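Raw data_18.cif, mmCIF, C-alpha atoms, pLDDT in the B column; chains and numbers go by the auth columns:
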```
data_start
#
loop_
_atom_site.group_PDB
_atom_site.id
_atom_site.type_symbol
_atom_site.label_atom_id
_atom_site.label_comp_id
_atom_site.label_asym_id
_atom_site.label_seq_id
_atom_site.Cartn_x
_atom_site.Cartn_y
_atom_site.Cartn_z
_atom_site.B_iso_or_equiv
_atom_site.auth_seq_id
_atom_site.auth_asym_id
ATOM 1 C CA MET A 1 170.848 148.755 78.467 41.00 1 A
ATOM 2 C CA GLN A 2 171.096 145.027 79.131 44.00 2 A
ATOM 3 C CA GLN A 3 169.930 142.570 76.477 46.00 3 A
ATOM 4 C CA LYS A 4 167.441 139.918 77.479 49.00 4 A
ATOM 5 C CA LYS A 5 169.048 136.489 77.277 67.00 5 A
ATOM 6 C CA ILE A 6 167.176 134.052 75.053 70.00 6 A
ATOM 7 C CA VAL A 7 166.836 130.633 76.635 88.00 7 A
ATOM 8 C CA VAL A 8 167.025 127.311 74.821 95.00 8 A
ATOM 9 C CA GLN A 9 163.953 125.362 75.930 97.00 9 A
ATOM 10 C CA ILE A 10 163.476 121.659 75.321 98.00 10 A
ATOM 11 C CA ILE A 11 160.028 120.145 75.695 98.00 11 A
ATOM 12 C CA GLY A 12 159.624 116.396 76.041 97.00 12 A
ATOM 13 C CA THR A 13 159.623 113.600 78.581 96.00 13 A
ATOM 14 C CA LYS A 14 162.458 112.127 80.635 94.00 14 A
ATOM 15 C CA LYS A 15 161.824 108.687 79.087 93.00 15 A
ATOM 16 C CA CYS A 16 162.115 109.934 75.492 95.00 16 A
ATOM 17 C CA LYS A 17 165.507 108.955 74.034 96.00 17 A
ATOM 18 C CA GLU A 18 165.406 111.705 71.403 97.00 18 A
ATOM 19 C CA THR A 19 164.707 114.319 74.096 97.00 19 A
ATOM 20 C CA SER A 20 167.621 113.019 76.196 97.00 20 A
ATOM 21 C CA LYS A 21 169.915 113.180 73.143 98.00 21 A
ATOM 22 C CA THR A 22 168.829 116.768 72.482 98.00 22 A
ATOM 23 C CA ILE A 23 169.501 117.862 76.070 97.00 23 A
ATOM 24 C CA ARG A 24 172.895 116.123 75.996 97.00 24 A
ATOM 25 C CA TYR A 25 173.758 117.801 72.647 97.00 25 A
ATOM 26 C CA PHE A 26 173.434 121.256 74.203 97.00 26 A
ATOM 27 C CA GLN A 27 175.038 120.339 77.532 96.00 27 A
ATOM 28 C CA GLU A 28 178.104 118.944 75.731 96.00 28 A
ATOM 29 C CA ARG A 29 178.476 122.350 74.068 95.00 29 A
ATOM 30 C CA GLY A 30 178.270 124.266 77.346 94.00 30 A
ATOM 31 C CA ILE A 31 174.602 125.286 77.099 94.00 31 A
ATOM 32 C CA GLN A 32 172.193 124.327 79.884 94.00 32 A
ATOM 33 C CA PRO A 33 168.729 124.203 78.287 96.00 33 A
ATOM 34 C CA ALA A 34 165.521 124.716 80.238 96.00 34 A
ATOM 35 C CA PHE A 35 163.607 121.423 80.240 97.00 35 A
ATOM 36 C CA LEU A 36 159.831 121.086 80.367 96.00 36 A
ATOM 37 C CA ASP A 37 158.703 117.543 81.166 97.00 37 A
ATOM 38 C CA LEU A 38 155.255 116.952 79.695 97.00 38 A
ATOM 39 C CA ASN A 39 154.622 114.299 82.363 95.00 39 A
ATOM 40 C CA GLU A 40 154.940 116.953 85.062 96.00 40 A
ATOM 41 C CA LYS A 41 153.591 120.071 83.369 95.00 41 A
ATOM 42 C CA PRO A 42 151.530 120.084 80.169 94.00 42 A
ATOM 43 C CA LEU A 43 151.816 122.913 77.669 95.00 43 A
ATOM 44 C CA SER A 44 149.489 125.832 78.230 96.00 44 A
ATOM 45 C CA LYS A 45 147.124 126.828 75.453 97.00 45 A
ATOM 46 C CA GLY A 46 149.282 129.905 74.760 96.00 46 A
ATOM 47 C CA GLU A 47 152.497 127.850 74.559 95.00 47 A
ATOM 48 C CA LEU A 48 150.887 125.392 72.151 97.00 48 A
ATOM 49 C CA GLU A 49 149.507 128.262 70.048 96.00 49 A
ATOM 50 C CA ASN A 50 153.003 129.791 69.801 95.00 50 A
ATOM 51 C CA ILE A 51 154.482 126.462 68.718 96.00 51 A
ATOM 52 C CA THR A 52 151.758 125.891 66.104 96.00 52 A
ATOM 53 C CA LYS A 53 152.552 129.266 64.537 95.00 53 A
ATOM 54 C CA VAL A 54 155.806 127.653 63.379 95.00 54 A
ATOM 55 C CA VAL A 55 155.046 123.906 63.274 96.00 55 A
ATOM 56 C CA ASN A 56 151.962 122.387 61.645 96.00 56 A
ATOM 57 C CA THR A 57 149.567 121.094 64.340 96.00 57 A
ATOM 58 C CA GLU A 58 149.238 117.746 62.572 96.00 58 A
ATOM 59 C CA ASP A 59 153.043 117.307 62.636 97.00 59 A
ATOM 60 C CA LEU A 60 152.959 117.602 66.437 97.00 60 A
ATOM 61 C CA LEU A 61 150.675 114.578 66.786 97.00 61 A
ATOM 62 C CA ASP A 62 152.767 111.479 67.517 96.00 62 A
ATOM 63 C CA LYS A 63 150.858 108.726 65.762 96.00 63 A
ATOM 64 C CA THR A 64 153.458 106.172 66.909 94.00 64 A
ATOM 65 C CA SER A 65 153.022 106.902 70.625 93.00 65 A
ATOM 66 C CA ARG A 66 151.574 104.485 73.154 93.00 66 A
ATOM 67 C CA GLU A 67 149.096 107.190 74.121 94.00 67 A
ATOM 68 C CA TYR A 68 147.771 107.398 70.532 96.00 68 A
ATOM 69 C CA GLU A 69 147.263 103.646 70.531 95.00 69 A
ATOM 70 C CA LYS A 70 145.826 103.603 74.061 95.00 70 A
ATOM 71 C CA GLN A 71 143.209 106.202 73.121 95.00 71 A
ATOM 72 C CA ASN A 72 142.474 104.294 69.904 93.00 72 A
ATOM 73 C CA LEU A 73 142.674 107.472 67.812 94.00 73 A
ATOM 74 C CA LYS A 74 143.588 105.883 64.494 90.00 74 A
ATOM 75 C CA TYR A 75 140.026 105.814 63.148 89.00 75 A
ATOM 76 C CA MET A 76 138.570 108.707 65.129 91.00 76 A
ATOM 77 C CA GLN A 77 137.958 112.267 64.024 93.00 77 A
ATOM 78 C CA PHE A 78 139.037 114.888 66.522 95.00 78 A
ATOM 79 C CA ASN A 79 140.405 118.404 66.854 96.00 79 A
ATOM 80 C CA ILE A 80 144.161 117.796 67.008 97.00 80 A
ATOM 81 C CA PHE A 81 144.934 121.041 68.856 97.00 81 A
ATOM 82 C CA GLU A 82 142.360 120.307 71.578 97.00 82 A
ATOM 83 C CA LYS A 83 143.512 116.676 71.859 97.00 83 A
ATOM 84 C CA LEU A 84 147.158 117.777 72.304 97.00 84 A
ATOM 85 C CA LEU A 85 146.112 120.156 75.085 96.00 85 A
ATOM 86 C CA GLU A 86 144.056 117.425 76.735 96.00 86 A
ATOM 87 C CA SER A 87 146.692 114.667 76.339 96.00 87 A
ATOM 88 C CA PRO A 88 150.227 116.110 76.199 95.00 88 A
ATOM 89 C CA LEU A 89 151.740 112.625 75.792 95.00 89 A
ATOM 90 C CA LEU A 90 150.371 112.680 72.228 97.00 90 A
ATOM 91 C CA ILE A 91 152.882 115.416 71.356 97.00 91 A
ATOM 92 C CA LYS A 92 155.851 114.356 69.245 97.00 92 A
ATOM 93 C CA THR A 93 159.062 115.161 71.091 97.00 93 A
ATOM 94 C CA PRO A 94 161.502 116.724 71.504 98.00 94 A
ATOM 95 C CA ILE A 95 160.390 120.242 70.725 98.00 95 A
ATOM 96 C CA LEU A 96 163.152 122.820 70.918 97.00 96 A
ATOM 97 C CA ARG A 97 162.268 126.485 71.325 96.00 97 A
ATOM 98 C CA TYR A 98 164.747 129.306 70.948 95.00 98 A
ATOM 99 C CA GLY A 99 163.309 132.771 70.511 90.00 99 A
ATOM 100 C CA LYS A 100 160.821 132.484 67.651 90.00 100 A
ATOM 101 C CA LYS A 101 162.447 129.286 66.336 94.00 101 A
ATOM 102 C CA VAL A 102 160.832 125.901 66.909 96.00 102 A
ATOM 103 C CA ILE A 103 162.497 122.619 65.930 97.00 103 A
ATOM 104 C CA LEU A 104 160.588 119.354 66.104 97.00 104 A
ATOM 105 C CA GLY A 105 162.770 116.270 66.571 96.00 105 A
ATOM 106 C CA TYR A 106 166.477 115.605 67.009 97.00 106 A
ATOM 107 C CA ILE A 107 168.147 117.582 64.195 97.00 107 A
ATOM 108 C CA PRO A 108 171.807 118.338 65.059 97.00 108 A
ATOM 109 C CA GLU A 109 172.336 120.395 61.887 97.00 109 A
ATOM 110 C CA LYS A 110 169.708 122.902 63.033 96.00 110 A
ATOM 111 C CA PHE A 111 170.926 122.747 66.653 97.00 111 A
ATOM 112 C CA ALA A 112 174.408 123.814 65.491 96.00 112 A
ATOM 113 C CA GLU A 113 172.975 127.132 64.252 94.00 113 A
ATOM 114 C CA ILE A 114 171.442 127.783 67.673 95.00 114 A
ATOM 115 C CA VAL A 115 174.698 126.901 69.459 94.00 115 A
ATOM 116 C CA LYS A 116 176.540 129.454 67.265 93.00 116 A
ATOM 117 C CA ASP A 117 173.931 132.083 68.016 91.00 117 A
ATOM 118 C CA VAL A 118 173.923 131.433 71.796 88.00 118 A
ATOM 119 C CA LYS A 119 177.702 131.539 71.965 83.00 119 A
ATOM 120 C CA GLY A 120 177.886 134.585 69.689 82.00 120 A
ATOM 121 C CA LEU A 121 179.996 132.852 67.037 66.00 121 A
#
```
Transcribe the structure of this file into structure tokens.
Amino acid sequence: MQQKKIVVQIIGTKKCKETSKTIRYFQERGIQPAFLDLNEKPLSKGELENITKVVNTEDLLDKTSREYEKQNLKYMQFNIFEKLLESPLLIKTPILRYGKKVILGYIPEKFAEIVKDVKGL
């Protein structure tokens, strides 16, 4: 019986420096991650639900983004989950998914564990 290969998925935007660094980190170690560009394809409700099982919804909201400022959200009350679905550029990136693991941000120490697992070390 063949094992299903778990893919390293990186969610972000091409313009995000942290996302680019994350992609490069894995490529330099011989792993080609799947990349989801939020400018081209927003997260589905199911994908966002899976991510929020591991990462707090409020932590996903990028309060330093241009989109946050543009929508003038600082003093507004809103459902964060619904707002992230509606405006994917409000999501803090990169988001790395590997199996049931989710890592928010560029954290090489945590990436190293995934590299070892992918390579079977």
Could you list, with a cut-off of 6 Å and counting only C-alpha atoms, the residues of segment 5-81 of chain A near segment 93-108 of chain A, each shown with its nearest atom pair and the distance in Å rounded to one decimal, rows sorted by chain and ascending number, as CSV?
```
residue,atom,partner,partner_atom,distance
A:Val8,CA,A:Tyr98,CA,4.9
A:Gln9,CA,A:Arg97,CA,5.0
A:Ile10,CA,A:Leu96,CA,4.6
A:Ile11,CA,A:Ile95,CA,5.0
A:Gly12,CA,A:Pro94,CA,4.9
A:Glu18,CA,A:Tyr106,CA,6.0
A:Thr19,CA,A:Pro94,CA,4.8
```
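What the PyMOL selection byres ((chain A and resi 84) around 10) matches in the given file is Pro42, Leu43, Lys45, Leu48, Thr57, Glu58, Leu60, Leu61, Asp62, Asn79, Ile80, Phe81, Glu82, Lys83, Leu85, Glu86, Ser87, Pro88, Leu89, Leu90, Ile91 and Lys92 of chain A.
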Atom CA of Arg29 of chain A to atom CA of Val115 of chain A, distance in Å rounded to a single decimal: 7.5 Å
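Coordinates place atom CA of Asn50 of chain A at a distance of 25.2 Å from atom CA of Gln27 of chain A.
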Atom CA of Leu38 of chain A sits from atom CA of Thr13 of chain A at a separation of 5.6 Å
How would you write, as a ChimeraX atom specification, the residues chosen by the PyMOL selection byres ((chain A and resi 33) around 7) on this structure? /A:7-10,23,26,31-32,34-35
Which residue gives the smallest distance to Thr22 of chain A among A:Lys119, A:Gly46, A:Gln77, A:Ala112, with only C-alpha atoms counted? A:Ala112
Output as JSON the centre and edge lengths (Å, one decimal) of the box along x, y and z of the file that holds every listed atom of segment 102-107 of chain A after adding 8 Å on each side.
```
{"center_x": 164.4, "center_y": 120.8, "center_z": 65.6, "size_x": 23.6, "size_y": 26.3, "size_z": 18.8}
```
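Closest approach to Cys16 of chain A from the set A:Val54, A:Asp59, A:Ser65, A:Met76 is made by A:Ser65, with distances taken over all atoms listed in the file.
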